[in-house]
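Pasted below: model-v4.cif, mmCIF, C-alpha atoms and all ligand atoms; chains and numbers go by the auth columns.
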```
data_run
loop_
_atom_site.group_PDB
_atom_site.id
_atom_site.type_symbol
_atom_site.label_atom_id
_atom_site.label_comp_id
_atom_site.label_asym_id
_atom_site.label_seq_id
_atom_site.Cartn_x
_atom_site.Cartn_y
_atom_site.Cartn_z
_atom_site.B_iso_or_equiv
_atom_site.auth_seq_id
_atom_site.auth_asym_id
ATOM 1 C CA MET A 1 62.748 -25.271 -44.125 0.00 19 A
ATOM 2 C CA ASN A 2 64.517 -21.897 -44.415 0.00 20 A
ATOM 3 C CA VAL A 3 61.757 -19.631 -43.129 0.00 21 A
ATOM 4 C CA ALA A 4 63.980 -16.534 -43.208 0.00 22 A
ATOM 5 C CA LYS A 5 64.641 -17.140 -46.885 0.00 23 A
ATOM 6 C CA GLN A 6 60.935 -17.594 -47.599 0.00 24 A
ATOM 7 C CA LEU A 7 60.121 -14.354 -45.804 0.00 25 A
ATOM 8 C CA TYR A 8 62.925 -12.587 -47.626 0.00 26 A
ATOM 9 C CA GLN A 9 61.525 -13.772 -50.971 0.00 27 A
ATOM 10 C CA LEU A 10 58.080 -12.595 -49.918 0.00 28 A
ATOM 11 C CA GLN A 11 59.553 -9.209 -49.046 0.00 29 A
ATOM 12 C CA GLU A 12 61.273 -8.981 -52.429 0.00 30 A
ATOM 13 C CA VAL A 13 57.939 -9.546 -54.137 0.00 31 A
ATOM 14 C CA ASP A 14 56.229 -7.046 -51.841 0.00 32 A
ATOM 15 C CA LEU A 15 58.815 -4.365 -52.604 0.00 33 A
ATOM 16 C CA GLU A 16 58.430 -5.011 -56.310 0.00 34 A
ATOM 17 C CA LEU A 17 54.645 -4.841 -55.960 0.00 35 A
ATOM 18 C CA GLU A 18 54.801 -1.544 -54.096 0.00 36 A
ATOM 19 C CA SER A 19 57.133 -0.010 -56.654 0.00 37 A
ATOM 20 C CA LYS A 20 54.924 -1.099 -59.554 0.00 38 A
ATOM 21 C CA GLU A 21 51.824 0.186 -57.778 0.00 39 A
ATOM 22 C CA ARG A 22 53.484 3.584 -57.311 0.00 40 A
ATOM 23 C CA ALA A 23 54.391 3.608 -61.005 0.00 41 A
ATOM 24 C CA LEU A 24 50.806 2.730 -61.878 0.00 42 A
ATOM 25 C CA SER A 25 49.327 5.589 -59.875 0.00 43 A
ATOM 26 C CA ARG A 26 51.901 7.977 -61.381 0.00 44 A
ATOM 27 C CA ILE A 27 50.729 6.952 -64.834 0.00 45 A
ATOM 28 C CA ALA A 28 47.060 7.149 -63.867 0.00 46 A
ATOM 29 C CA SER A 29 47.591 10.745 -62.745 0.00 47 A
ATOM 30 C CA GLN A 30 49.061 11.634 -66.151 0.00 48 A
ATOM 31 C CA ILE A 31 46.185 10.207 -68.142 0.00 49 A
ATOM 32 C CA GLY A 32 43.555 12.715 -69.185 0.00 50 A
ATOM 33 C CA GLU A 33 43.241 16.251 -70.469 0.00 51 A
ATOM 34 C CA SER A 34 46.396 18.226 -71.162 0.00 52 A
ATOM 35 C CA GLN A 35 46.624 21.736 -69.737 0.00 53 A
ATOM 36 C CA ALA A 36 48.932 22.776 -72.570 0.00 54 A
ATOM 37 C CA VAL A 37 46.421 21.627 -75.208 0.00 55 A
ATOM 38 C CA VAL A 38 43.536 23.371 -73.456 0.00 56 A
ATOM 39 C CA ARG A 39 45.563 26.590 -73.211 0.00 57 A
ATOM 40 C CA ALA A 40 46.574 26.441 -76.888 0.00 58 A
ATOM 41 C CA GLN A 41 42.942 25.833 -77.888 0.00 59 A
ATOM 42 C CA THR A 42 41.773 28.825 -75.849 0.00 60 A
ATOM 43 C CA GLU A 43 44.436 31.066 -77.371 0.00 61 A
ATOM 44 C CA LEU A 44 43.547 29.940 -80.879 0.00 62 A
ATOM 45 C CA ASN A 45 39.838 30.575 -80.274 0.00 63 A
ATOM 46 C CA SER A 46 40.424 34.106 -79.042 0.00 64 A
ATOM 47 C CA GLU A 47 42.783 34.838 -81.950 0.00 65 A
ATOM 48 C CA ARG A 48 40.114 33.567 -84.370 0.00 66 A
ATOM 49 C CA GLN A 49 37.523 35.823 -82.767 0.00 67 A
ATOM 50 C CA ARG A 50 39.883 38.779 -83.095 0.00 68 A
ATOM 51 C CA LEU A 51 40.411 37.980 -86.788 0.00 69 A
ATOM 52 C CA GLU A 52 36.661 37.748 -87.409 0.00 70 A
ATOM 53 C CA GLU A 53 36.138 41.083 -85.687 0.00 71 A
ATOM 54 C CA LEU A 54 38.852 42.704 -87.823 0.00 72 A
ATOM 55 C CA GLU A 55 37.341 41.270 -90.994 0.00 73 A
ATOM 56 C CA ARG A 56 33.948 42.637 -90.002 0.00 74 A
ATOM 57 C CA GLN A 57 35.540 46.044 -89.465 0.00 75 A
ATOM 58 C CA GLN A 58 37.273 45.823 -92.826 0.00 76 A
ATOM 59 C CA HIS A 59 34.046 44.981 -94.674 0.00 77 A
ATOM 60 C CA SER A 60 32.083 47.668 -92.923 0.00 78 A
ATOM 61 C CA THR A 61 34.749 50.263 -93.805 0.00 79 A
ATOM 62 C CA GLU A 62 34.725 49.098 -97.434 0.00 80 A
ATOM 63 C CA TRP A 63 30.941 49.409 -97.584 0.00 81 A
ATOM 64 C CA GLU A 64 31.169 52.876 -96.121 0.00 82 A
ATOM 65 C CA ILE A 65 33.735 53.823 -98.763 0.00 83 A
ATOM 66 C CA ASP A 66 31.472 52.472 -101.531 0.00 84 A
ATOM 67 C CA ASP A 67 28.593 54.436 -100.100 0.00 85 A
ATOM 68 C CA LEU A 68 30.648 57.648 -99.943 0.00 86 A
ATOM 69 C CA THR A 69 31.920 57.106 -103.495 0.00 87 A
ATOM 70 C CA ALA A 70 28.348 56.819 -104.751 0.00 88 A
ATOM 71 C CA LYS A 71 27.362 60.023 -102.935 0.00 89 A
ATOM 72 C CA LEU A 72 30.463 61.752 -104.205 0.00 90 A
ATOM 73 C CA THR A 73 29.702 60.771 -107.808 0.00 91 A
ATOM 74 C CA ILE A 74 26.240 62.280 -107.522 0.00 92 A
ATOM 75 C CA ALA A 75 27.529 65.449 -105.842 0.00 93 A
ATOM 76 C CA GLU A 76 30.294 65.901 -108.421 0.00 94 A
ATOM 77 C CA ASP A 77 27.859 65.250 -111.271 0.00 95 A
ATOM 78 C CA ASN A 78 25.674 67.981 -109.881 0.00 96 A
ATOM 79 C CA LEU A 79 28.613 70.291 -109.323 0.00 97 A
ATOM 80 C CA TYR A 80 30.000 69.989 -112.851 0.00 98 A
ATOM 81 C CA SER A 81 26.716 69.488 -114.670 0.00 99 A
ATOM 82 C CA GLY A 82 26.246 73.183 -115.249 0.00 100 A
ATOM 83 C CA ARG A 83 22.634 72.859 -114.178 0.00 101 A
ATOM 84 C CA ILE A 84 23.258 74.718 -110.925 0.00 102 A
ATOM 85 C CA LYS A 85 23.962 78.394 -111.399 0.00 103 A
ATOM 86 C CA ASN A 86 23.321 79.820 -107.951 0.00 104 A
ATOM 87 C CA PRO A 87 26.797 80.636 -106.477 0.00 105 A
ATOM 88 C CA LYS A 88 25.638 79.986 -102.926 0.00 106 A
ATOM 89 C CA GLU A 89 24.315 76.574 -103.925 0.00 107 A
ATOM 90 C CA LEU A 90 27.507 75.829 -105.853 0.00 108 A
ATOM 91 C CA THR A 91 29.662 76.746 -102.868 0.00 109 A
ATOM 92 C CA SER A 92 27.625 74.542 -100.618 0.00 110 A
ATOM 93 C CA LEU A 93 27.904 71.692 -103.101 0.00 111 A
ATOM 94 C CA GLN A 94 31.653 72.199 -103.327 0.00 112 A
ATOM 95 C CA THR A 95 31.859 72.062 -99.539 0.00 113 A
ATOM 96 C CA GLU A 96 29.881 68.838 -99.582 0.00 114 A
ATOM 97 C CA VAL A 97 32.202 67.316 -102.203 0.00 115 A
ATOM 98 C CA ASP A 98 35.283 68.334 -100.192 0.00 116 A
ATOM 99 C CA GLY A 99 33.790 66.910 -97.038 0.00 117 A
ATOM 100 C CA LEU A 100 32.953 63.601 -98.722 0.00 118 A
ATOM 101 C CA LYS A 101 36.457 63.364 -100.192 0.00 119 A
ATOM 102 C CA ALA A 102 38.102 64.065 -96.835 0.00 120 A
ATOM 103 C CA ARG A 103 35.930 61.456 -95.155 0.00 121 A
ATOM 104 C CA ARG A 104 36.728 58.932 -97.875 0.00 122 A
ATOM 105 C CA ASP A 105 40.482 59.550 -97.545 0.00 123 A
ATOM 106 C CA GLN A 106 40.181 58.964 -93.834 0.00 124 A
ATOM 107 C CA LEU A 107 38.289 55.719 -94.351 0.00 125 A
ATOM 108 C CA GLU A 108 40.758 54.532 -96.961 0.00 126 A
ATOM 109 C CA ASP A 109 43.599 55.004 -94.480 0.00 127 A
ATOM 110 C CA LYS A 110 41.606 53.109 -91.910 0.00 128 A
ATOM 111 C CA ALA A 111 40.868 50.326 -94.409 0.00 129 A
ATOM 112 C CA LEU A 112 44.584 49.927 -95.156 0.00 130 A
ATOM 113 C CA GLU A 113 45.412 49.813 -91.480 0.00 131 A
ATOM 114 C CA THR A 114 42.745 47.197 -90.825 0.00 132 A
ATOM 115 C CA MET A 115 43.971 45.193 -93.798 0.00 133 A
ATOM 116 C CA ASP A 116 47.450 45.048 -92.226 0.00 134 A
ATOM 117 C CA GLN A 117 45.945 43.908 -88.955 0.00 135 A
ATOM 118 C CA VAL A 118 43.892 41.254 -90.749 0.00 136 A
ATOM 119 C CA GLU A 119 47.061 39.961 -92.389 0.00 137 A
ATOM 120 C CA LEU A 120 48.883 39.762 -89.066 0.00 138 A
ATOM 121 C CA ALA A 121 45.952 38.095 -87.332 0.00 139 A
ATOM 122 C CA THR A 122 45.593 35.579 -90.178 0.00 140 A
ATOM 123 C CA ALA A 123 49.246 34.641 -89.822 0.00 141 A
ATOM 124 C CA SER A 124 48.882 34.399 -86.067 0.00 142 A
ATOM 125 C CA VAL A 125 45.841 32.113 -86.378 0.00 143 A
ATOM 126 C CA ALA A 126 47.827 29.867 -88.736 0.00 144 A
ATOM 127 C CA THR A 127 50.766 29.717 -86.315 0.00 145 A
ATOM 128 C CA LYS A 128 48.590 29.005 -83.301 0.00 146 A
ATOM 129 C CA SER A 129 46.626 26.403 -85.202 0.00 147 A
ATOM 130 C CA GLY A 130 49.894 24.652 -86.139 0.00 148 A
ATOM 131 C CA GLU A 131 51.073 24.789 -82.539 0.00 149 A
ATOM 132 C CA LEU A 132 47.816 23.281 -81.353 0.00 150 A
ATOM 133 C CA LYS A 133 48.059 20.452 -83.897 0.00 151 A
ATOM 134 C CA THR A 134 51.598 19.658 -82.755 0.00 152 A
ATOM 135 C CA LEU A 135 50.588 19.687 -79.092 0.00 153 A
ATOM 136 C CA GLU A 136 47.567 17.497 -79.779 0.00 154 A
ATOM 137 C CA ALA A 137 49.673 14.989 -81.703 0.00 155 A
ATOM 138 C CA GLU A 138 52.252 14.899 -78.892 0.00 156 A
ATOM 139 C CA TRP A 139 49.503 14.509 -76.325 0.00 157 A
ATOM 140 C CA ARG A 140 47.826 11.706 -78.272 0.00 158 A
ATOM 141 C CA SER A 141 51.039 9.744 -78.657 0.00 159 A
ATOM 142 C CA GLN A 142 51.909 10.343 -74.997 0.00 160 A
ATOM 143 C CA GLN A 143 48.474 9.108 -73.931 0.00 161 A
ATOM 144 C CA GLN A 144 48.841 6.036 -76.114 0.00 162 A
ATOM 145 C CA GLN A 145 52.222 5.310 -74.552 0.00 163 A
ATOM 146 C CA LEU A 146 50.789 5.814 -71.071 0.00 164 A
ATOM 147 C CA SER A 147 47.901 3.459 -71.786 0.00 165 A
ATOM 148 C CA ALA A 148 50.308 0.835 -73.108 0.00 166 A
ATOM 149 C CA ASP A 149 52.566 1.259 -70.043 0.00 167 A
ATOM 150 C CA MET A 150 49.533 0.994 -67.823 0.00 168 A
ATOM 151 C CA GLU A 151 48.410 -2.256 -69.407 0.00 169 A
ATOM 152 C CA GLN A 152 51.899 -3.679 -69.101 0.00 170 A
ATOM 153 C CA LEU A 153 52.104 -2.691 -65.436 0.00 171 A
ATOM 154 C CA LYS A 154 48.728 -4.239 -64.714 0.00 172 A
ATOM 155 C CA THR A 155 49.923 -7.513 -66.217 0.00 173 A
ATOM 156 C CA ILE A 156 53.129 -7.403 -64.156 0.00 174 A
ATOM 157 C CA LEU A 157 51.140 -6.600 -61.029 0.00 175 A
ATOM 158 C CA SER A 158 48.789 -9.501 -61.529 0.00 176 A
ATOM 159 C CA GLU A 159 51.765 -11.836 -62.094 0.00 177 A
ATOM 160 C CA LEU A 160 53.425 -10.531 -58.940 0.00 178 A
ATOM 161 C CA LYS A 161 50.252 -11.011 -56.928 0.00 179 A
ATOM 162 C CA HIS A 162 50.048 -14.561 -58.182 0.00 180 A
ATOM 163 C CA LYS A 163 53.695 -15.139 -57.297 0.00 181 A
ATOM 164 C CA ARG A 164 53.102 -13.666 -53.854 0.00 182 A
ATOM 165 C CA GLN A 165 50.189 -16.005 -53.239 0.00 183 A
ATOM 166 C CA LEU A 166 52.271 -19.018 -54.277 0.00 184 A
ATOM 167 C CA LEU A 167 55.004 -17.969 -51.840 0.00 185 A
ATOM 168 C CA LEU A 168 52.527 -17.271 -49.086 0.00 186 A
ATOM 169 C CA ASP A 169 50.929 -20.703 -49.539 0.00 187 A
ATOM 170 C CA LYS A 170 54.277 -22.309 -48.666 0.00 188 A
ATOM 171 C CA ILE A 171 54.988 -20.147 -45.616 0.00 189 A
ATOM 172 C CA ASP A 172 53.895 -21.199 -42.161 0.00 190 A
ATOM 173 C CA SER A 173 50.884 -19.069 -41.281 0.00 191 A
ATOM 174 C CA ARG A 174 52.346 -17.871 -37.955 0.00 192 A
ATOM 175 C CA ALA A 175 55.565 -16.826 -39.648 0.00 193 A
ATOM 176 C CA ALA A 176 53.531 -14.978 -42.276 0.00 194 A
ATOM 177 C CA GLU A 177 51.527 -13.197 -39.596 0.00 195 A
ATOM 178 C CA PHE A 178 54.737 -12.216 -37.832 0.00 196 A
ATOM 179 C CA TYR A 179 56.126 -10.914 -41.136 0.00 197 A
ATOM 180 C CA HIS A 180 53.062 -8.731 -41.752 0.00 198 A
ATOM 181 C CA GLU A 181 53.174 -7.351 -38.218 0.00 199 A
ATOM 182 C CA LEU A 182 56.875 -6.476 -38.474 0.00 200 A
ATOM 183 C CA LYS A 183 56.359 -4.962 -41.919 0.00 201 A
ATOM 184 C CA LYS A 184 53.652 -2.732 -40.540 0.00 202 A
ATOM 185 C CA GLN A 185 55.925 -1.564 -37.737 0.00 203 A
ATOM 186 C CA LYS A 186 59.165 -1.123 -39.647 0.00 204 A
ATOM 187 C CA GLY A 187 58.370 -0.872 -43.323 0.00 205 A
ATOM 188 C CA THR A 188 60.595 -3.860 -44.045 0.00 206 A
ATOM 189 C CA ALA A 189 60.406 -7.018 -41.978 0.00 207 A
ATOM 190 C CA VAL A 190 63.457 -8.898 -43.176 0.00 208 A
ATOM 191 C CA ALA A 191 67.058 -7.694 -43.137 0.00 209 A
ATOM 192 C CA LYS A 192 69.729 -9.274 -45.263 0.00 210 A
ATOM 193 C CA VAL A 193 72.951 -10.021 -43.405 0.00 211 A
ATOM 194 C CA GLU A 194 76.102 -9.062 -45.227 0.00 212 A
ATOM 195 C CA GLN A 195 79.610 -9.374 -43.770 0.00 213 A
ATOM 196 C CA GLY A 196 78.122 -9.920 -40.321 0.00 214 A
ATOM 197 C CA ILE A 197 76.119 -6.686 -40.467 0.00 215 A
ATOM 198 C CA CYS A 198 72.333 -6.379 -40.233 0.00 216 A
ATOM 199 C CA GLY A 199 71.120 -4.746 -43.452 0.00 217 A
ATOM 200 C CA GLY A 200 68.226 -3.178 -41.557 0.00 218 A
ATOM 201 C CA CYS A 201 70.088 -1.202 -38.890 0.00 219 A
ATOM 202 C CA ARG A 202 73.748 -1.610 -39.950 0.00 220 A
ATOM 203 C CA ILE A 203 74.797 -3.052 -36.593 0.00 221 A
ATOM 204 C CA SER A 204 77.410 -5.804 -36.290 0.00 222 A
ATOM 205 C CA LEU A 205 75.710 -8.997 -35.239 0.00 223 A
ATOM 206 C CA SER A 206 76.987 -11.303 -32.512 0.00 224 A
ATOM 207 C CA THR A 207 78.426 -14.704 -33.349 0.00 225 A
ATOM 208 C CA THR A 208 75.398 -16.321 -31.709 0.00 226 A
ATOM 209 C CA GLU A 209 72.975 -14.318 -33.825 0.00 227 A
ATOM 210 C CA LEU A 210 74.904 -15.200 -36.953 0.00 228 A
ATOM 211 C CA GLN A 211 74.975 -18.872 -36.045 0.00 229 A
ATOM 212 C CA GLN A 212 71.238 -18.869 -35.407 0.00 230 A
ATOM 213 C CA ALA A 213 70.558 -16.967 -38.614 0.00 231 A
ATOM 214 C CA ARG A 214 72.611 -19.493 -40.541 0.00 232 A
ATOM 215 C CA THR A 215 70.146 -22.238 -39.601 0.00 233 A
ATOM 216 C CA GLY A 216 67.388 -20.428 -41.504 0.00 234 A
ATOM 217 C CA SER A 217 65.018 -20.308 -38.572 0.00 235 A
ATOM 218 C CA PRO A 218 63.513 -16.847 -38.119 0.00 236 A
ATOM 219 C CA VAL A 219 65.916 -15.034 -35.778 0.00 237 A
ATOM 220 C CA GLN A 220 65.373 -11.369 -35.005 0.00 238 A
ATOM 221 C CA CYS A 221 68.136 -8.756 -34.967 0.00 239 A
ATOM 222 C CA SER A 222 68.717 -7.863 -31.312 0.00 240 A
ATOM 223 C CA SER A 223 68.967 -4.215 -32.311 0.00 241 A
ATOM 224 C CA CYS A 224 66.193 -3.493 -34.831 0.00 242 A
ATOM 225 C CA GLY A 225 64.032 -6.591 -34.426 0.00 243 A
ATOM 226 C CA ARG A 226 63.975 -7.535 -38.089 0.00 244 A
ATOM 227 C CA VAL A 227 64.185 -11.147 -39.165 0.00 245 A
ATOM 228 C CA LEU A 228 67.728 -11.881 -40.251 0.00 246 A
ATOM 229 C CA PHE A 229 68.330 -13.485 -43.600 0.00 247 A
ATOM 230 C CA LEU A 230 71.723 -14.892 -44.385 0.00 248 A
ATOM 231 C CA ALA A 231 72.103 -15.661 -48.064 0.00 249 A
HETATM 232 ZN ZN ZN B . 69.077 -4.895 -37.261 0.00 1 B
#
```
Once more with this new file: its structure as structure tokens, please.
Amino acid sequence: MNVAKQLYQLQEVDLELESKERALSRIASQIGESQAVVRAQTELNSERQRLEELERQQHSTEWEIDDLTAKLTIAEDNLYSGRIKNPKELTSLQTEVDGLKARRDQLEDKALETMDQVELATASVATKSGELKTLEAEWRSQQQQLSADMEQLKTILSELKHKRQLLLDKIDSRAAEFYHELKKQKGTAVAKVEQGICGGCRISLSTTELQQARTGSPVQCSSCGRVLFLA
């Protein structure tokens, strides 16, 4: 029975398991809310609020203009009706008309300005809304991919665990215990020997070590202590 080979196979499965487990936790950390989507949503909401505020301003200015126009119509009617003869009263009425007109001009300028701002904000809301939709679609498809990858990894992991158990069942329990102890100490318990060199510590092995390793019995590297495996 080539114990070194068995332990080497166990190590191969363990390394594969560890790598897949790392991949799984990487994926798990990417599943969930997207910061970019949340940010885009927040920006869109505040832009929408700004647009609503501008529209409110616009309507209130328009109502004010309507109100002034009504007052102006009455004042001008009075002024040109010929009913008022008192020069002092006429002058005061004229002043009122001028004042109303000046105020209306001012408000009309303001209304135009607000209208421009409303247009810009409307366009900005449309842009931001489009950006959000794109980000959400990307996020959804990314999440779907991640979930699929996760499922696939879980399947692979369960197969590997099964494979590991099958290997372990065939390995002498003392050898397995030794393997686990060495693994704990060194990270990897078995070193592959290639061209007479220990793959664990890169030292050239003695002829005796190589001869022993060739038998398949678990021989440790005299330098790093790992079990030597000669393919
Ligand atoms: Zn070594």
Given the PyMOL selection byres (((chain A and resi 115-119) around 12) and not hetatm), the residues it picks as an mmCIF file with C-alpha atoms, keeping the file's coordinate frame:
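Full text of part.cif as output:
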```
data_model
loop_
_atom_site.group_PDB
_atom_site.id
_atom_site.type_symbol
_atom_site.label_atom_id
_atom_site.label_comp_id
_atom_site.auth_asym_id
_atom_site.auth_seq_id
_atom_site.Cartn_x
_atom_site.Cartn_y
_atom_site.Cartn_z
ATOM 1 C CA GLU A 82 31.169 52.876 -96.121
ATOM 2 C CA ILE A 83 33.735 53.823 -98.763
ATOM 3 C CA ASP A 84 31.472 52.472 -101.531
ATOM 4 C CA ASP A 85 28.593 54.436 -100.100
ATOM 5 C CA LEU A 86 30.648 57.648 -99.943
ATOM 6 C CA THR A 87 31.920 57.106 -103.495
ATOM 7 C CA ALA A 88 28.348 56.819 -104.751
ATOM 8 C CA LYS A 89 27.362 60.023 -102.935
ATOM 9 C CA LEU A 90 30.463 61.752 -104.205
ATOM 10 C CA THR A 91 29.702 60.771 -107.808
ATOM 11 C CA ILE A 92 26.240 62.280 -107.522
ATOM 12 C CA ALA A 93 27.529 65.449 -105.842
ATOM 13 C CA GLU A 94 30.294 65.901 -108.421
ATOM 14 C CA ASP A 95 27.859 65.250 -111.271
ATOM 15 C CA ASN A 96 25.674 67.981 -109.881
ATOM 16 C CA LEU A 97 28.613 70.291 -109.323
ATOM 17 C CA TYR A 98 30.000 69.989 -112.851
ATOM 18 C CA LEU A 108 27.507 75.829 -105.853
ATOM 19 C CA THR A 109 29.662 76.746 -102.868
ATOM 20 C CA SER A 110 27.625 74.542 -100.618
ATOM 21 C CA LEU A 111 27.904 71.692 -103.101
ATOM 22 C CA GLN A 112 31.653 72.199 -103.327
ATOM 23 C CA THR A 113 31.859 72.062 -99.539
ATOM 24 C CA GLU A 114 29.881 68.838 -99.582
ATOM 25 C CA ALA A 120 38.102 64.065 -96.835
ATOM 26 C CA ARG A 121 35.930 61.456 -95.155
ATOM 27 C CA ARG A 122 36.728 58.932 -97.875
ATOM 28 C CA ASP A 123 40.482 59.550 -97.545
ATOM 29 C CA GLN A 124 40.181 58.964 -93.834
ATOM 30 C CA LEU A 125 38.289 55.719 -94.351
ATOM 31 C CA GLU A 126 40.758 54.532 -96.961
#
```
For the provided coordinates, the residues matched by the PyMOL selection byres (((not hetatm)) within 10 of (chain B and resi 1)) should be stated as a ChimeraX atom specification.
/A:208-211,215-223,238-246
Would you mind reading off the distance between CA of His180 in chain A and CA of Ser47 in chain A, one decimal, in Å?
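These two atoms are separated by 25.8 Å.
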Pick from A:Leu164, A:Ser64, A:Ile45, A:Gly214, whichever lies nearest to Thr226 in chain A using only C-alpha atoms
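Using only C-alpha atoms, the shortest distance to Thr226 in chain A belongs to A:Gly214.
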Distance CA of Ala22 in chain A-CA of Ser235 in chain A, one decimal place?
6.1 Å
To test your reading of the syntax: which residues would the PyMOL selection byres (((chain A and resi 73) around 12) and not hetatm) return for the file shown? Reply as a VMD selection string.
chain A and resid 66 to 72 74 to 80 129 131 to 140
Could you take the residues named above and write them with C-alpha atoms, as a PDB file, in the coordinates of the input?
```pdb
ATOM      1  CA  ARG A  66      40.114  33.567 -84.370  1.00  0.00           C
ATOM      2  CA  GLN A  67      37.523  35.823 -82.767  1.00  0.00           C
ATOM      3  CA  ARG A  68      39.883  38.779 -83.095  1.00  0.00           C
ATOM      4  CA  LEU A  69      40.411  37.980 -86.788  1.00  0.00           C
ATOM      5  CA  GLU A  70      36.661  37.748 -87.409  1.00  0.00           C
ATOM      6  CA  GLU A  71      36.138  41.083 -85.687  1.00  0.00           C
ATOM      7  CA  LEU A  72      38.852  42.704 -87.823  1.00  0.00           C
ATOM      8  CA  ARG A  74      33.948  42.637 -90.002  1.00  0.00           C
ATOM      9  CA  GLN A  75      35.540  46.044 -89.465  1.00  0.00           C
ATOM     10  CA  GLN A  76      37.273  45.823 -92.826  1.00  0.00           C
ATOM     11  CA  HIS A  77      34.046  44.981 -94.674  1.00  0.00           C
ATOM     12  CA  SER A  78      32.083  47.668 -92.923  1.00  0.00           C
ATOM     13  CA  THR A  79      34.749  50.263 -93.805  1.00  0.00           C
ATOM     14  CA  GLU A  80      34.725  49.098 -97.434  1.00  0.00           C
ATOM     15  CA  ALA A 129      40.868  50.326 -94.409  1.00  0.00           C
ATOM     16  CA  GLU A 131      45.412  49.813 -91.480  1.00  0.00           C
ATOM     17  CA  THR A 132      42.745  47.197 -90.825  1.00  0.00           C
ATOM     18  CA  MET A 133      43.971  45.193 -93.798  1.00  0.00           C
ATOM     19  CA  ASP A 134      47.450  45.048 -92.226  1.00  0.00           C
ATOM     20  CA  GLN A 135      45.945  43.908 -88.955  1.00  0.00           C
ATOM     21  CA  VAL A 136      43.892  41.254 -90.749  1.00  0.00           C
ATOM     22  CA  GLU A 137      47.061  39.961 -92.389  1.00  0.00           C
ATOM     23  CA  LEU A 138      48.883  39.762 -89.066  1.00  0.00           C
ATOM     24  CA  ALA A 139      45.952  38.095 -87.332  1.00  0.00           C
ATOM     25  CA  THR A 140      45.593  35.579 -90.178  1.00  0.00           C
TER      26      THR A 140
END
```
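CA of Thr145 in chain A lies 22.9 Å from CA of Leu130 in chain A.
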Name the residues in contact with Ala231 in chain A at a cut-off of 7 Å, using all atoms listed in the file, excluding same-chain residues fewer than 6 positions from it; report them as a PyMOL selection string.
chain A and resi 237+246-248
Saved selection, atoms kept: C-alpha atoms, as a short mmCIF file (atom, residue, chain, number, x, y, z; two decimals), keeping the file's coordinate frame:
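Saved to again-v6.cif:
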```cif
data_model
loop_
_atom_site.label_atom_id
_atom_site.label_comp_id
_atom_site.auth_asym_id
_atom_site.auth_seq_id
_atom_site.Cartn_x
_atom_site.Cartn_y
_atom_site.Cartn_z
CA VAL A 237 65.92 -15.03 -35.78
CA LEU A 246 67.73 -11.88 -40.25
CA PHE A 247 68.33 -13.48 -43.60
CA LEU A 248 71.72 -14.89 -44.38
#
```
